[in-house]
Amino acid sequence: MDKQSYIVSTKNLSKRFNTKVATEKGWKKTTVAAVSDVTLDIAPGETLGLVGESGCGKTTLGRMLSLFYLPSEGSMIIHGVDVSTLKPKQVKPLRQHVQMIFQDPVSSLNPRHTVESILTEPMKIFSKDSAQVRREKAGNLLEAVGLSAADLSKYPHEFSGGQRQRITIARALVLNPAFIVADEPVSALDVSVQSQILNLMKDIREEFNLTYLFISHDLAVVHHLSDRVAVMYLGRIVEIAARDSLFNDARHPYTHSLLRSVPTVVPNKSKIGRILQGDPPSPIDPPTGCPFHPRCPHAVDICRDTVPALTTVNSAARHEAACHRMDDIKQQSGGPL
Amino acid sequence: MNNNSPLFLAIRRFRRHKLAIFSACVLVTMVLLVIIAPLFEIWLGVGANDVDLYSRMVGPSLAHPLGTDELGRDVLLRLLYGGRVSLFTGLTAACFAATIGTVIGLFAGYFGGRLDAVLMRLTDSVIALPLLPLLIVLAAIDLNKIGLPQAIVESEDVSFYRIVLIVAITGWTTVARLVRGATLSIKEREFVMAAEGVGATHVHIMFRHILPNLLSPIIVAVTLSIGGVILLESVLSFFGLGIQPPMASWGNMLTNAQQLIWEAPMLAVYPGLLIFVTVISFNFLGDGLQDAFDPKAEY
Amino acid sequence: MRRFLLIRGLQSLVVLTIMSFVIYSLIGLMPGDPIDLMISANPNMTAADAAALRELYGLDLPVYERYWNWLTTALSGDLGYSRLFGQPVLDVLIPALKNSVVLMGTAFVLAVCIAIPIGTFAASKPRSALDYGVNLFAFAGISIPSFWLALMLIIVFGVFLGWLPAGGIAADGASLLEQAKYMVLPVATIATLSIGSYSRYTRSSMLEVLRQDYIRTARAKGASRSRVVWKHALRNAMIPVVTILALDFGYLFSGALVTETIYSWPGMGKLIFDSVMGNDFNLALVALLFATALTLTGNLLADICYAFLDPRIVIGGEKT
């Protein structure tokens, strides 16, 4: 497929933040690379799952793709527009094509606004509809997400967590976007409600022709919704593949450990592998070479010196992984899980 | 109405504050009385500024329920009209100051960085100044010298505008700090990002999304500051620098009372007592509101 | 810590410099100027004489040039002459400063000695009659107009009872008792106002500390409530209180304008009031700047106290 026909296409995308660290001699200014060298494409109608531990940069990447942060380096084409060449003020017209669903349905709805004003606000900014039309559209959207038009005059505190998340989904749909970034959309909800919301997201994907970037730390949830899955570690994508290829044929040792940490239905069926030791290193002071090497049981000298590039493992499944030793590991362990 | 709504809970908590409720009643009564002050003029058949040198400093009677002052003016009427001025000055100046403080605090908290640093240094500096001596200087400056037209300088209301302005330019700091702090925490909430995500402008986010969430602390701060403003107005007027006679204010009614302690001690008691009752009522009310709006409040 | 002090000190200096210009300009905006006063004193002066005098004194120059002239002269040690008192400004200022420190210092010590114990007692028995009483008194203290309280005290003790002088200060060389008599009413006025706010601060700060976990631990280990309050909590509860006290420290020197004026106590507050009202430009300017400098110092002191008392505060990445 040619670059322009993807909804999202990034090349060597990086984001650095300025920050201060406390040292012996007071505060020192430094930069932290939240996202480094990310190259990925998302085709129309596709759902890309993005997994990783907290602090791995998946939220930053999600916010870049939903236009909250401009890239520090690399290119980012969204809905046919090269965002990396835009100035902050030129981003606004693009916003109607890219929307976000937030993690916390309590904090993402303004407690002082009615549902109606929450849902009509985007229309006020982007369209010239009359108040009557706006209200009607908002009512229809509420019904599309499983609430009723009578809820328009209510305030967010009058709804349950799941209902609130339905409202934020409705808000994301108001402008009829092509691409939606969902950042942990169900992790703040009760387990019983999670599947309802996931199914709703599935339904509206068909109904509104949406493309998703679905961010989660929960592999089961990602498995449920995604066509492809990318695994992030310390700001980099370490493995990306079609869903089944990733879950059945993971190559990167980090992906292995993530998959092992998922509780299985039949315990002790597979040999429980080494569980990850220690915390992920700080992105302020990242390790040299492969970012995973300090915690990797298979690390050798080359891992400490050279950053591995994403290489194709299986072109049919568009399966790529970034590990110097993935071939050796596969032979040793006789395949994952 | 949902029984768990924040407003409902706030009202329930507020109702526990008997003093605050009592204060609210006192203030409402007082406001009503000063509004209907002209009716008292009709009833007594004299104006608040009518001088009657034949009945100076007479005691209470049917014609003058609280007696007359050293110029034979009716004390009750002057107290009512003085109350108008004092209450109105307090409310206007406190709201004006709160508006300045809100805008400064919103900008500092929302944009952060260098703008925040500059605005907060400014706020700290104003807080660190000796307020009363500077207010006295501000109240004493000659309006002709700053180029105001003669018509304005000589108009009757100029002393009122001057005092509102003086209080506003010095009294905004509390609200500015409060609003900045609250803005810092509210701008991290995801609904602010959500508004940004649908293309809302910074001004729209600040005033339509953040500000409504700050209203309760601002209302508390304004209520608590009205008392202070009334005290400032009264002290400036007492020294002859605030509201100018013949317009009555509780402060300037006390100016001459000092010399008349022997002849008419009550002249010094009434206005001060009213200032005291009003200010303490506003403070009790503000305290009650603070507890009502504060979800952590235990006591 | 040293860097923090340096930065805060420099900041205060910048504010003081800016304020000196602002105050200079404001004073220039007060009614009349020195030449107007000369004209009213000497009816023979013509308009031409006045213009010549204005030029001689540099009063026709733009305000920033006049300010610069004043600043360079002042920094060289010449603060000018007080018109009202007919003495060099410094000779008027120093006795006033002394009087203010005596008055405010006494009131300050008295207020602290009363407010901290009653605030602590109130906090140790929340919702008791004593607590309500302290609260009521505190609200009265912040709500009563100081000038009216002073008037009432004068009426009662100075006029009707005649026990105490209604104002002024004892003559030089008077006995201590005589001097003290003049101080009772002003000290009572100032202390009443501060006791209110100090005791409220102490009470709320103490309640805050008593909610902490380590206090619960101490109680769980069997310490009595009063022991916990006085032995464990007081020290930590004093941190914010001391900050407030330090903030007020600047006022010790700048005086209580209202109280001093009403009781005719010849301190800094009355001096500022008289010089502003009496168009004594030189004196008003220097006295105001003095008051500003001292209040700024009080603020600086409050910051330092806070940093020293609370080990959690880290300044410039450096543990204090």
# chains A, B, ... in the order shown; residues from 1 in each chain; ligands from 1
$ closest_atom_pairs --of "chain B" --to "chain C" --cutoff "10 Å" --atoms "only C-alpha atoms" --output "JSON lines"
{"residue": "B:Arg121", "atom": "CA", "partner": "C:Gln11", "partner_atom": "CA", "distance": 8.8}
{"residue": "B:Leu122", "atom": "CA", "partner": "C:Val15", "partner_atom": "CA", "distance": 8.9}
{"residue": "B:Asp124", "atom": "CA", "partner": "C:Asn299", "partner_atom": "CA", "distance": 9.4}
{"residue": "B:Ser125", "atom": "CA", "partner": "C:Val15", "partner_atom": "CA", "distance": 6.5}
{"residue": "B:Val126", "atom": "CA", "partner": "C:Val15", "partner_atom": "CA", "distance": 9.1}
{"residue": "B:Ile127", "atom": "CA", "partner": "C:Asn299", "partner_atom": "CA", "distance": 9.1}
{"residue": "B:Ala128", "atom": "CA", "partner": "C:Leu296", "partner_atom": "CA", "distance": 5.6}
{"residue": "B:Leu129", "atom": "CA", "partner": "C:Thr292", "partner_atom": "CA", "distance": 5.8}
{"residue": "B:Pro130", "atom": "CA", "partner": "C:Thr292", "partner_atom": "CA", "distance": 5.7}
{"residue": "B:Leu131", "atom": "CA", "partner": "C:Thr292", "partner_atom": "CA", "distance": 9.2}
{"residue": "B:Leu132", "atom": "CA", "partner": "C:Leu257", "partner_atom": "CA", "distance": 7.4}
{"residue": "B:Pro133", "atom": "CA", "partner": "C:Ile272", "partner_atom": "CA", "distance": 6.9}
{"residue": "B:Leu134", "atom": "CA", "partner": "C:Leu288", "partner_atom": "CA", "distance": 7.7}
{"residue": "B:Ile136", "atom": "CA", "partner": "C:Phe273", "partner_atom": "CA", "distance": 7.5}
{"residue": "B:Val137", "atom": "CA", "partner": "C:Val276", "partner_atom": "CA", "distance": 6.6}
{"residue": "B:Leu138", "atom": "CA", "partner": "C:Leu26", "partner_atom": "CA", "distance": 7.2}
{"residue": "B:Ala139", "atom": "CA", "partner": "C:Met30", "partner_atom": "CA", "distance": 9.2}
{"residue": "B:Ala140", "atom": "CA", "partner": "C:Met30", "partner_atom": "CA", "distance": 6.0}
{"residue": "B:Ile141", "atom": "CA", "partner": "C:Met30", "partner_atom": "CA", "distance": 4.0}
{"residue": "B:Asp142", "atom": "CA", "partner": "C:Pro31", "partner_atom": "CA", "distance": 4.8}
{"residue": "B:Leu143", "atom": "CA", "partner": "C:Leu29", "partner_atom": "CA", "distance": 7.9}
{"residue": "B:Asn144", "atom": "CA", "partner": "C:Pro31", "partner_atom": "CA", "distance": 8.5}
{"residue": "B:Lys145", "atom": "CA", "partner": "C:Leu29", "partner_atom": "CA", "distance": 5.8}
{"residue": "B:Ile146", "atom": "CA", "partner": "C:Leu29", "partner_atom": "CA", "distance": 7.1}
{"residue": "B:Gly227", "atom": "CA", "partner": "C:Ser143", "partner_atom": "CA", "distance": 7.0}
{"residue": "B:Gly228", "atom": "CA", "partner": "C:Ser143", "partner_atom": "CA", "distance": 7.7}
{"residue": "B:Ile230", "atom": "CA", "partner": "C:Pro145", "partner_atom": "CA", "distance": 9.2}
{"residue": "B:Leu231", "atom": "CA", "partner": "C:Pro145", "partner_atom": "CA", "distance": 5.9}
{"residue": "B:Leu232", "atom": "CA", "partner": "C:Pro145", "partner_atom": "CA", "distance": 8.7}
{"residue": "B:Ser234", "atom": "CA", "partner": "C:Pro145", "partner_atom": "CA", "distance": 7.9}
{"residue": "B:Val235", "atom": "CA", "partner": "C:Phe147", "partner_atom": "CA", "distance": 6.9}
{"residue": "B:Leu236", "atom": "CA", "partner": "C:Val258", "partner_atom": "CA", "distance": 9.7}
{"residue": "B:Phe238", "atom": "CA", "partner": "C:Phe147", "partner_atom": "CA", "distance": 8.3}
{"residue": "B:Phe239", "atom": "CA", "partner": "C:Val258", "partner_atom": "CA", "distance": 9.1}
{"residue": "B:Leu241", "atom": "CA", "partner": "C:Met277", "partner_atom": "CA", "distance": 9.7}
{"residue": "B:Gly251", "atom": "CA", "partner": "C:Trp148", "partner_atom": "CA", "distance": 9.2}
{"residue": "B:Leu254", "atom": "CA", "partner": "C:Trp148", "partner_atom": "CA", "distance": 8.1}
{"residue": "B:Ala257", "atom": "CA", "partner": "C:Leu151", "partner_atom": "CA", "distance": 9.1}
{"residue": "B:Gln258", "atom": "CA", "partner": "C:Leu151", "partner_atom": "CA", "distance": 7.0}
{"residue": "B:Ile261", "atom": "CA", "partner": "C:Ile155", "partner_atom": "CA", "distance": 6.8}
{"residue": "B:Trp262", "atom": "CA", "partner": "C:Val159", "partner_atom": "CA", "distance": 8.1}
{"residue": "B:Pro265", "atom": "CA", "partner": "C:Ile155", "partner_atom": "CA", "distance": 7.9}
{"residue": "B:Ala268", "atom": "CA", "partner": "C:Leu151", "partner_atom": "CA", "distance": 7.7}
{"residue": "B:Val269", "atom": "CA", "partner": "C:Met152", "partner_atom": "CA", "distance": 7.7}
{"residue": "B:Pro271", "atom": "CA", "partner": "C:Trp148", "partner_atom": "CA", "distance": 9.0}
{"residue": "B:Gly272", "atom": "CA", "partner": "C:Trp148", "partner_atom": "CA", "distance": 5.7}
{"residue": "B:Leu273", "atom": "CA", "partner": "C:Trp148", "partner_atom": "CA", "distance": 8.5}
{"residue": "B:Ile275", "atom": "CA", "partner": "C:Pro145", "partner_atom": "CA", "distance": 7.2}
{"residue": "B:Phe276", "atom": "CA", "partner": "C:Ile144", "partner_atom": "CA", "distance": 5.0}
{"residue": "B:Val277", "atom": "CA", "partner": "C:Ser143", "partner_atom": "CA", "distance": 8.1}
{"residue": "B:Thr278", "atom": "CA", "partner": "C:Ser143", "partner_atom": "CA", "distance": 8.5}
{"residue": "B:Val279", "atom": "CA", "partner": "C:Ser143", "partner_atom": "CA", "distance": 5.3}
{"residue": "B:Ile280", "atom": "CA", "partner": "C:Ser143", "partner_atom": "CA", "distance": 5.0}
{"residue": "B:Ser281", "atom": "CA", "partner": "C:Ser143", "partner_atom": "CA", "distance": 8.7}
{"residue": "B:Phe282", "atom": "CA", "partner": "C:Ser143", "partner_atom": "CA", "distance": 9.0}
{"residue": "B:Asn283", "atom": "CA", "partner": "C:Phe139", "partner_atom": "CA", "distance": 7.2}
{"residue": "B:Phe284", "atom": "CA", "partner": "C:Phe139", "partner_atom": "CA", "distance": 7.7}
{"residue": "B:Asp287", "atom": "CA", "partner": "C:Phe139", "partner_atom": "CA", "distance": 9.9}
{"residue": "B:Tyr299", "atom": "CA", "partner": "C:Pro126", "partner_atom": "CA", "distance": 8.3}
$ interface_residues --of "chain A" --to "chain B" --cutoff "6 Å" --atoms "only C-alpha atoms" --output "MDAnalysis selection string"
chainID A and resid 92 107:110 122
$ write_last_selection --atoms "all heavy atoms" --output "mmCIF file, in the first residue's frame"
data_model
loop_
_atom_site.group_PDB
_atom_site.id
_atom_site.type_symbol
_atom_site.label_atom_id
_atom_site.label_comp_id
_atom_site.auth_asym_id
_atom_site.auth_seq_id
_atom_site.Cartn_x
_atom_site.Cartn_y
_atom_site.Cartn_z
ATOM 1 N N LYS A 92 -5.328 22.492 14.091
ATOM 2 C CA LYS A 92 -6.746 22.469 14.412
ATOM 3 C C LYS A 92 -7.641 21.812 13.350
ATOM 4 O O LYS A 92 -8.460 20.969 13.701
ATOM 5 C CB LYS A 92 -7.232 23.891 14.716
ATOM 6 C CG LYS A 92 -8.615 23.926 15.313
ATOM 7 C CD LYS A 92 -9.025 25.334 15.694
ATOM 8 C CE LYS A 92 -10.528 25.421 15.837
ATOM 9 N NZ LYS A 92 -10.995 26.757 16.133
ATOM 10 N N SER A 107 -12.435 11.888 35.192
ATOM 11 C CA SER A 107 -11.729 13.142 34.963
ATOM 12 C C SER A 107 -11.866 13.646 33.526
ATOM 13 O O SER A 107 -11.598 14.802 33.248
ATOM 14 C CB SER A 107 -10.269 12.973 35.380
ATOM 15 O OG SER A 107 -9.401 13.193 34.329
ATOM 16 N N SER A 108 -12.326 12.789 32.602
ATOM 17 C CA SER A 108 -12.364 13.268 31.219
ATOM 18 C C SER A 108 -13.672 13.968 30.866
ATOM 19 O O SER A 108 -13.832 14.467 29.765
ATOM 20 C CB SER A 108 -12.094 12.118 30.249
ATOM 21 O OG SER A 108 -13.111 11.169 30.339
ATOM 22 N N LEU A 109 -14.634 13.994 31.815
ATOM 23 C CA LEU A 109 -15.858 14.758 31.567
ATOM 24 C C LEU A 109 -15.919 15.918 32.555
ATOM 25 O O LEU A 109 -15.792 15.717 33.762
ATOM 26 C CB LEU A 109 -17.084 13.852 31.756
ATOM 27 C CG LEU A 109 -17.184 12.674 30.796
ATOM 28 C CD1 LEU A 109 -18.337 11.771 31.197
ATOM 29 C CD2 LEU A 109 -17.367 13.159 29.370
ATOM 30 N N ASN A 110 -16.104 17.114 32.035
ATOM 31 C CA ASN A 110 -16.156 18.290 32.902
ATOM 32 C C ASN A 110 -17.390 18.220 33.805
ATOM 33 O O ASN A 110 -18.521 18.215 33.322
ATOM 34 C CB ASN A 110 -16.205 19.549 32.039
ATOM 35 C CG ASN A 110 -15.950 20.798 32.843
ATOM 36 O OD1 ASN A 110 -16.240 20.842 34.038
ATOM 37 N ND2 ASN A 110 -15.404 21.812 32.212
ATOM 38 N N PRO A 122 -17.823 20.190 20.390
ATOM 39 C CA PRO A 122 -17.023 20.036 19.165
ATOM 40 C C PRO A 122 -17.755 20.573 17.930
ATOM 41 O O PRO A 122 -17.136 21.167 17.054
ATOM 42 C CB PRO A 122 -16.822 18.522 19.056
ATOM 43 C CG PRO A 122 -17.051 17.987 20.420
ATOM 44 C CD PRO A 122 -18.043 18.895 21.048
#
$ select_by_dssp --residues "segment 24-106 of chain A" --states "helix (DSSP H, G or I)" --output "PyMOL selection string"
chain A and resi 58-65+83-85+88-95
$ write_last_selection --atoms "N, CA, C and O atoms" --output "PDB file, in the first residue's frame"
ATOM      1  N   LYS A  58       3.890   4.416  25.657  1.00  0.00           N
ATOM      2  CA  LYS A  58       2.733   4.155  24.802  1.00  0.00           C
ATOM      3  C   LYS A  58       1.720   5.281  24.864  1.00  0.00           C
ATOM      4  O   LYS A  58       1.131   5.648  23.842  1.00  0.00           O
ATOM      5  N   THR A  59       1.569   5.903  26.043  1.00  0.00           N
ATOM      6  CA  THR A  59       0.645   7.034  26.132  1.00  0.00           C
ATOM      7  C   THR A  59       1.174   8.229  25.337  1.00  0.00           C
ATOM      8  O   THR A  59       0.421   8.909  24.643  1.00  0.00           O
ATOM      9  N   THR A  60       2.505   8.452  25.425  1.00  0.00           N
ATOM     10  CA  THR A  60       3.081   9.559  24.660  1.00  0.00           C
ATOM     11  C   THR A  60       2.871   9.339  23.162  1.00  0.00           C
ATOM     12  O   THR A  60       2.463  10.253  22.439  1.00  0.00           O
ATOM     13  N   LEU A  61       3.110   8.113  22.711  1.00  0.00           N
ATOM     14  CA  LEU A  61       2.908   7.834  21.292  1.00  0.00           C
ATOM     15  C   LEU A  61       1.445   8.068  20.920  1.00  0.00           C
ATOM     16  O   LEU A  61       1.138   8.680  19.893  1.00  0.00           O
ATOM     17  N   GLY A  62       0.536   7.599  21.790  1.00  0.00           N
ATOM     18  CA  GLY A  62      -0.886   7.796  21.528  1.00  0.00           C
ATOM     19  C   GLY A  62      -1.233   9.275  21.440  1.00  0.00           C
ATOM     20  O   GLY A  62      -1.988   9.708  20.564  1.00  0.00           O
ATOM     21  N   ARG A  63      -0.661  10.060  22.337  1.00  0.00           N
ATOM     22  CA  ARG A  63      -0.970  11.499  22.318  1.00  0.00           C
ATOM     23  C   ARG A  63      -0.345  12.186  21.116  1.00  0.00           C
ATOM     24  O   ARG A  63      -0.865  13.189  20.632  1.00  0.00           O
ATOM     25  N   MET A  64       0.784  11.656  20.637  1.00  0.00           N
ATOM     26  CA  MET A  64       1.360  12.231  19.410  1.00  0.00           C
ATOM     27  C   MET A  64       0.438  11.949  18.242  1.00  0.00           C
ATOM     28  O   MET A  64       0.143  12.828  17.435  1.00  0.00           O
ATOM     29  N   LEU A  65      -0.032  10.697  18.166  1.00  0.00           N
ATOM     30  CA  LEU A  65      -0.878  10.335  17.032  1.00  0.00           C
ATOM     31  C   LEU A  65      -2.245  11.007  17.121  1.00  0.00           C
ATOM     32  O   LEU A  65      -2.938  11.150  16.126  1.00  0.00           O
ATOM     33  N   VAL A  83       2.111  15.938   9.580  1.00  0.00           N
ATOM     34  CA  VAL A  83       1.977  16.747  10.788  1.00  0.00           C
ATOM     35  C   VAL A  83       3.319  17.356  11.205  1.00  0.00           C
ATOM     36  O   VAL A  83       3.377  18.439  11.775  1.00  0.00           O
ATOM     37  N   SER A  84       4.410  16.641  10.891  1.00  0.00           N
ATOM     38  CA  SER A  84       5.707  17.136  11.374  1.00  0.00           C
ATOM     39  C   SER A  84       6.079  18.486  10.764  1.00  0.00           C
ATOM     40  O   SER A  84       6.933  19.180  11.284  1.00  0.00           O
ATOM     41  N   THR A  85       5.418  18.874   9.652  1.00  0.00           N
ATOM     42  CA  THR A  85       5.744  20.178   9.066  1.00  0.00           C
ATOM     43  C   THR A  85       4.798  21.270   9.567  1.00  0.00           C
ATOM     44  O   THR A  85       4.949  22.432   9.203  1.00  0.00           O
ATOM     45  N   PRO A  88       1.974  24.584  15.547  1.00  0.00           N
ATOM     46  CA  PRO A  88       0.887  24.228  16.459  1.00  0.00           C
ATOM     47  C   PRO A  88      -0.475  24.776  16.048  1.00  0.00           C
ATOM     48  O   PRO A  88      -1.491  24.091  16.174  1.00  0.00           O
ATOM     49  N   LYS A  89      -0.504  25.982  15.497  1.00  0.00           N
ATOM     50  CA  LYS A  89      -1.805  26.582  15.173  1.00  0.00           C
ATOM     51  C   LYS A  89      -2.465  25.942  13.944  1.00  0.00           C
ATOM     52  O   LYS A  89      -3.668  26.090  13.749  1.00  0.00           O
ATOM     53  N   GLN A  90      -1.637  25.260  13.114  1.00  0.00           N
ATOM     54  CA  GLN A  90      -2.203  24.683  11.896  1.00  0.00           C
ATOM     55  C   GLN A  90      -2.810  23.313  12.135  1.00  0.00           C
ATOM     56  O   GLN A  90      -3.363  22.714  11.227  1.00  0.00           O
ATOM     57  N   VAL A  91      -2.709  22.816  13.372  1.00  0.00           N
ATOM     58  CA  VAL A  91      -3.169  21.467  13.664  1.00  0.00           C
ATOM     59  C   VAL A  91      -4.691  21.393  13.720  1.00  0.00           C
ATOM     60  O   VAL A  91      -5.290  20.382  13.391  1.00  0.00           O
ATOM     61  N   LYS A  92      -5.328  22.492  14.091  1.00  0.00           N
ATOM     62  CA  LYS A  92      -6.746  22.469  14.412  1.00  0.00           C
ATOM     63  C   LYS A  92      -7.641  21.812  13.350  1.00  0.00           C
ATOM     64  O   LYS A  92      -8.460  20.969  13.701  1.00  0.00           O
ATOM     65  N   PRO A  93      -7.519  22.156  12.047  1.00  0.00           N
ATOM     66  CA  PRO A  93      -8.423  21.532  11.083  1.00  0.00           C
ATOM     67  C   PRO A  93      -8.323  20.003  11.062  1.00  0.00           C
ATOM     68  O   PRO A  93      -9.301  19.316  10.786  1.00  0.00           O
ATOM     69  N   LEU A  94      -7.129  19.489  11.384  1.00  0.00           N
ATOM     70  CA  LEU A  94      -6.917  18.048  11.351  1.00  0.00           C
ATOM     71  C   LEU A  94      -7.610  17.337  12.519  1.00  0.00           C
ATOM     72  O   LEU A  94      -7.911  16.152  12.447  1.00  0.00           O
ATOM     73  N   ARG A  95      -7.899  18.103  13.578  1.00  0.00           N
ATOM     74  CA  ARG A  95      -8.422  17.484  14.789  1.00  0.00           C
ATOM     75  C   ARG A  95      -9.762  16.799  14.574  1.00  0.00           C
ATOM     76  O   ARG A  95     -10.082  15.825  15.258  1.00  0.00           O
TER      77      ARG A  95
END
